[in-house]
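Visitor: Here it is, the structure, as structure tokens.
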Amino acid sequence: MNCTEVIQTGGFISYIPYLTSIDSGKIRISGGKGDAKASFTDPTDIAGFTAYIVTHLSPSELSNKIFRIEGERASLLDIAGYYGPKVPVEYVNEFEDEFKTFLHQLVNSGKGTTGYDFASGKELTGSDATGASNVLWPGHHWKGIKEVLGL
Amino acid sequence: MRLQALLSEGANVVVVTRPESSSGKSVATGIKVISVAFADVPALAAAFKENKIEVVISTIGHTALPNQKFLGDAAKQAGVQLFLPSEFGYSTIGQTEGELGLKTQFGEYLKEIGLPFARIFVSWVSLFYV
């Protein structure tokens, strides 16, 4: 199998720390209570899954297919819990960074799972459910948030 | 995207970067790196053909999403069998606006030109590595 990969440089950053504004010493939440769950996946699992399916699945299993994977489903308050009581939660109306405000709205309205369908406004089920494609990589241990962030 | 994952599955990997990008320099030795201007569709297609590319994995950044069409056109011309567009985020089906809308439009475009695709949704990435 010959593969090519396209790399575009971007700012490589720690993403959950960005999402939670952890540098402020607090977990900042906007757009809701922070109790809606979203999907979180480790980049090594994303790369591993991608490599696995393109080298193991048949063309008909790959062509024109959607894959929905998930390392862990967690809410922003769950993540705050992982950081522990030393990091208080603070609710804010919005962030200076508009993209972050948009992301918080998405996560806090329950649209941040890999099985959410914007067309119908519902969570999909069966083979389109959140994380339903995880089984295509048999025997793999999908990393959770605490493991990845070392909490 | 971690190249090691592809290499350990036995894939032959070629990295395509833009001439102005420095990311190709950090690729492990032994991996072929080609520098091509993304808007130069014939050059991209020739590079895909020359290297007998079967699968294209696009990890193009969000600011360059409008340019992903060039990669799709080149892959189609070169007879690539599978194109993995730059998704690797939220479920984008049914999205019409913003960045997520661009991803969905590109998915529709791949259908239009008859290039087989696979879209992978991962939602939030726990951590991006340097």
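Residues in the structure tokens are numbered from 1 in each chain, the chains being A, B, ... in the order shown, and ligands are numbered from 1 in the order shown.
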Would you please extract all strand (DSSP E) residues from range 3-106 of chain B, as assigned by DSSP on the backbone, and give them as a list in words?

Guide: Asn12, Val13, Val14, Val15, Val16, Thr17, Lys32, Val33, Ile34, Ser35, Val55, Val56, Ile57, Ser58, Thr59, Leu82, Phe83 and Leu84 of chain B

Visitor: Using only C-alpha atoms, which residues sit within 9 Å of range 30-42 of chain B once same-chain residues fewer than 6 positions away are excluded, as a ChimeraX atom specification?

Guide: /B:12-21,24,67-68,70-71,73-75,77

Visitor: May I have the residues from that selection written out with N, CA, C and O atoms, as an mmCIF file, in the first residue's frame?

Guide:
data_model
loop_
_atom_site.group_PDB
_atom_site.id
_atom_site.type_symbol
_atom_site.label_atom_id
_atom_site.label_comp_id
_atom_site.auth_asym_id
_atom_site.auth_seq_id
_atom_site.Cartn_x
_atom_site.Cartn_y
_atom_site.Cartn_z
ATOM 1 N N ASN B 12 4.074 2.335 2.615
ATOM 2 C CA ASN B 12 5.123 3.205 2.073
ATOM 3 C C ASN B 12 4.572 4.619 2.098
ATOM 4 O O ASN B 12 3.520 4.876 1.532
ATOM 5 N N VAL B 13 5.267 5.507 2.756
ATOM 6 C CA VAL B 13 4.729 6.850 2.967
ATOM 7 C C VAL B 13 5.545 7.903 2.231
ATOM 8 O O VAL B 13 6.768 7.892 2.277
ATOM 9 N N VAL B 14 4.829 8.783 1.554
ATOM 10 C CA VAL B 14 5.450 9.945 0.925
ATOM 11 C C VAL B 14 4.773 11.176 1.525
ATOM 12 O O VAL B 14 3.553 11.244 1.598
ATOM 13 N N VAL B 15 5.542 12.131 1.978
ATOM 14 C CA VAL B 15 4.991 13.343 2.579
ATOM 15 C C VAL B 15 5.015 14.466 1.544
ATOM 16 O O VAL B 15 6.035 14.699 0.904
ATOM 17 N N VAL B 16 3.875 15.121 1.384
ATOM 18 C CA VAL B 16 3.797 16.259 0.472
ATOM 19 C C VAL B 16 3.665 17.536 1.295
ATOM 20 O O VAL B 16 2.768 17.644 2.127
ATOM 21 N N THR B 17 4.570 18.465 1.072
ATOM 22 C CA THR B 17 4.475 19.744 1.790
ATOM 23 C C THR B 17 4.477 20.890 0.787
ATOM 24 O O THR B 17 4.822 20.711 -0.378
ATOM 25 N N ARG B 18 4.090 22.041 1.278
ATOM 26 C CA ARG B 18 4.164 23.242 0.438
ATOM 27 C C ARG B 18 5.600 23.755 0.449
ATOM 28 O O ARG B 18 6.297 23.588 1.449
ATOM 29 N N PRO B 19 6.050 24.398 -0.628
ATOM 30 C CA PRO B 19 7.439 24.890 -0.670
ATOM 31 C C PRO B 19 7.748 25.840 0.487
ATOM 32 O O PRO B 19 8.865 25.848 0.992
ATOM 33 N N GLU B 20 6.759 26.622 0.926
ATOM 34 C CA GLU B 20 7.032 27.612 1.976
ATOM 35 C C GLU B 20 6.967 26.999 3.382
ATOM 36 O O GLU B 20 7.222 27.664 4.368
ATOM 37 N N SER B 21 6.600 25.709 3.450
ATOM 38 C CA SER B 21 6.464 25.059 4.752
ATOM 39 C C SER B 21 7.783 24.489 5.232
ATOM 40 O O SER B 21 8.609 24.038 4.445
ATOM 41 N N GLY B 24 8.298 19.664 6.480
ATOM 42 C CA GLY B 24 8.941 18.521 5.851
ATOM 43 C C GLY B 24 10.317 18.229 6.434
ATOM 44 O O GLY B 24 10.794 17.109 6.409
ATOM 45 N N ASN B 67 -8.399 25.270 -0.096
ATOM 46 C CA ASN B 67 -7.445 24.757 -1.092
ATOM 47 C C ASN B 67 -7.471 23.238 -1.229
ATOM 48 O O ASN B 67 -6.756 22.679 -2.056
ATOM 49 N N GLN B 68 -8.265 22.590 -0.394
ATOM 50 C CA GLN B 68 -8.251 21.128 -0.410
ATOM 51 C C GLN B 68 -8.747 20.556 -1.745
ATOM 52 O O GLN B 68 -8.407 19.447 -2.123
ATOM 53 N N PHE B 70 -7.809 21.383 -4.638
ATOM 54 C CA PHE B 70 -6.664 21.111 -5.521
ATOM 55 C C PHE B 70 -6.142 19.694 -5.298
ATOM 56 O O PHE B 70 -5.787 18.988 -6.238
ATOM 57 N N LEU B 71 -6.097 19.306 -4.020
ATOM 58 C CA LEU B 71 -5.601 17.966 -3.686
ATOM 59 C C LEU B 71 -6.546 16.900 -4.227
ATOM 60 O O LEU B 71 -6.121 15.869 -4.746
ATOM 61 N N ASP B 73 -8.623 17.212 -6.802
ATOM 62 C CA ASP B 73 -8.520 17.174 -8.270
ATOM 63 C C ASP B 73 -7.277 16.400 -8.709
ATOM 64 O O ASP B 73 -7.338 15.579 -9.627
ATOM 65 N N ALA B 74 -6.155 16.676 -8.032
ATOM 66 C CA ALA B 74 -4.900 16.011 -8.399
ATOM 67 C C ALA B 74 -4.998 14.509 -8.135
ATOM 68 O O ALA B 74 -4.553 13.692 -8.947
ATOM 69 N N ALA B 75 -5.604 14.143 -7.002
ATOM 70 C CA ALA B 75 -5.736 12.721 -6.654
ATOM 71 C C ALA B 75 -6.609 12.000 -7.675
ATOM 72 O O ALA B 75 -6.302 10.882 -8.102
ATOM 73 N N GLN B 77 -7.129 12.883 -10.831
ATOM 74 C CA GLN B 77 -6.367 12.790 -12.095
ATOM 75 C C GLN B 77 -5.322 11.686 -12.043
ATOM 76 O O GLN B 77 -5.034 11.037 -13.045
#

Visitor: Check every residue of chain B for an atom within 8 Å of chain A, counting only C-alpha atoms, and provide those that qualify as a compact mmCIF listing (two decimals) with C-alpha atoms, in the first residue's frame.

Guide:
# COMPACT_ATOMS: atom_id res chain seq x y z
CA MET B 1 -0.77 12.88 11.96
CA ARG B 2 1.92 10.57 13.18
CA LEU B 3 3.79 9.00 10.33
CA ALA B 5 1.62 4.75 12.77
CA LEU B 6 1.52 4.31 8.99
CA GLU B 9 1.50 -0.91 9.47
CA GLY B 10 3.88 -1.47 6.58
CA ALA B 11 2.71 1.40 4.39
CA ASN B 12 5.12 3.21 2.07
CA VAL B 13 4.73 6.85 2.97
CA VAL B 14 5.45 9.95 0.92
CA VAL B 15 4.99 13.34 2.58
CA VAL B 16 3.80 16.26 0.47
CA THR B 17 4.47 19.74 1.79
CA ARG B 18 4.16 23.24 0.44
CA SER B 21 6.46 25.06 4.75
CA SER B 22 9.21 23.91 7.10
CA SER B 23 7.31 20.85 8.37
CA GLY B 24 8.94 18.52 5.85
CA PHE B 48 1.03 11.15 -6.96
CA ASN B 51 4.98 7.49 -6.53
CA LYS B 52 2.07 5.14 -7.36
CA ILE B 53 -0.03 6.66 -4.58
CA GLU B 54 -3.14 4.66 -3.66
CA VAL B 55 -4.34 6.58 -0.60
CA VAL B 56 -4.14 10.32 0.13
CA ILE B 57 -4.51 11.43 3.75
CA SER B 58 -5.09 15.15 3.96
CA THR B 59 -4.25 16.85 7.25
CA ILE B 60 -4.51 20.32 5.75
CA GLY B 61 -5.04 23.02 8.39
CA LEU B 82 -9.05 6.56 -1.61
CA PHE B 88 -10.48 14.58 12.26
CA TYR B 90 -16.56 17.10 14.89
CA SER B 91 -19.20 15.24 12.98
CA THR B 92 -19.68 17.58 10.02
CA ILE B 93 -22.52 15.91 8.12
CA GLY B 94 -25.34 18.41 7.62
CA GLN B 95 -23.18 21.38 8.58
CA LYS B 111 -18.68 12.46 -4.41
CA PRO B 116 -13.81 7.38 -3.14
CA PHE B 117 -13.41 8.93 0.32
CA ALA B 118 -13.35 7.99 3.98
CA ARG B 119 -14.23 10.64 6.57
CA ILE B 120 -13.12 10.12 10.16
CA PHE B 121 -14.80 11.99 13.02
CA VAL B 122 -12.95 12.16 16.30
CA SER B 123 -14.52 15.23 17.90
CA TRP B 124 -12.12 16.74 20.41
CA VAL B 125 -8.47 15.89 20.27
CA SER B 126 -7.24 15.35 23.81
CA LEU B 127 -3.84 16.75 23.13
CA PHE B 128 -1.87 17.85 20.12
CA TYR B 129 1.75 16.81 20.23
CA VAL B 130 4.62 18.94 19.03

Visitor: Would you give me, as a ChimeraX atom specification, the residues in chain B that DSSP reads as alpha helix (DSSP H)?

Guide: /B:3-8,41-50,68-77,98-113

Visitor: Here is a test: counting only C-alpha atoms, which residue of A:Ser30, A:Asp23, A:Leu151, A:Trp137 is nearest to Glu96 in chain A?

Guide: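 Counting only C-alpha atoms, the residue closest to Glu96 in chain A is A:Ser30.
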
Visitor: Have a look at CA of Ile22 in chain A and CA of Val92 in chain A and let me know their distance in Å, one decimal.

Guide: 13.8 Å

Visitor: Could you tell me how far CA of Gly84 in chain A lies from CA of Lys26 in chain A, in Å and to one decimal?

Guide: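 A separation of 10.7 Å between them.
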
Visitor: Using Å and a single decimal, report how far CA of Gly89 in chain B sits from CA of Ala64 in chain B.

Guide: 15.4 Å
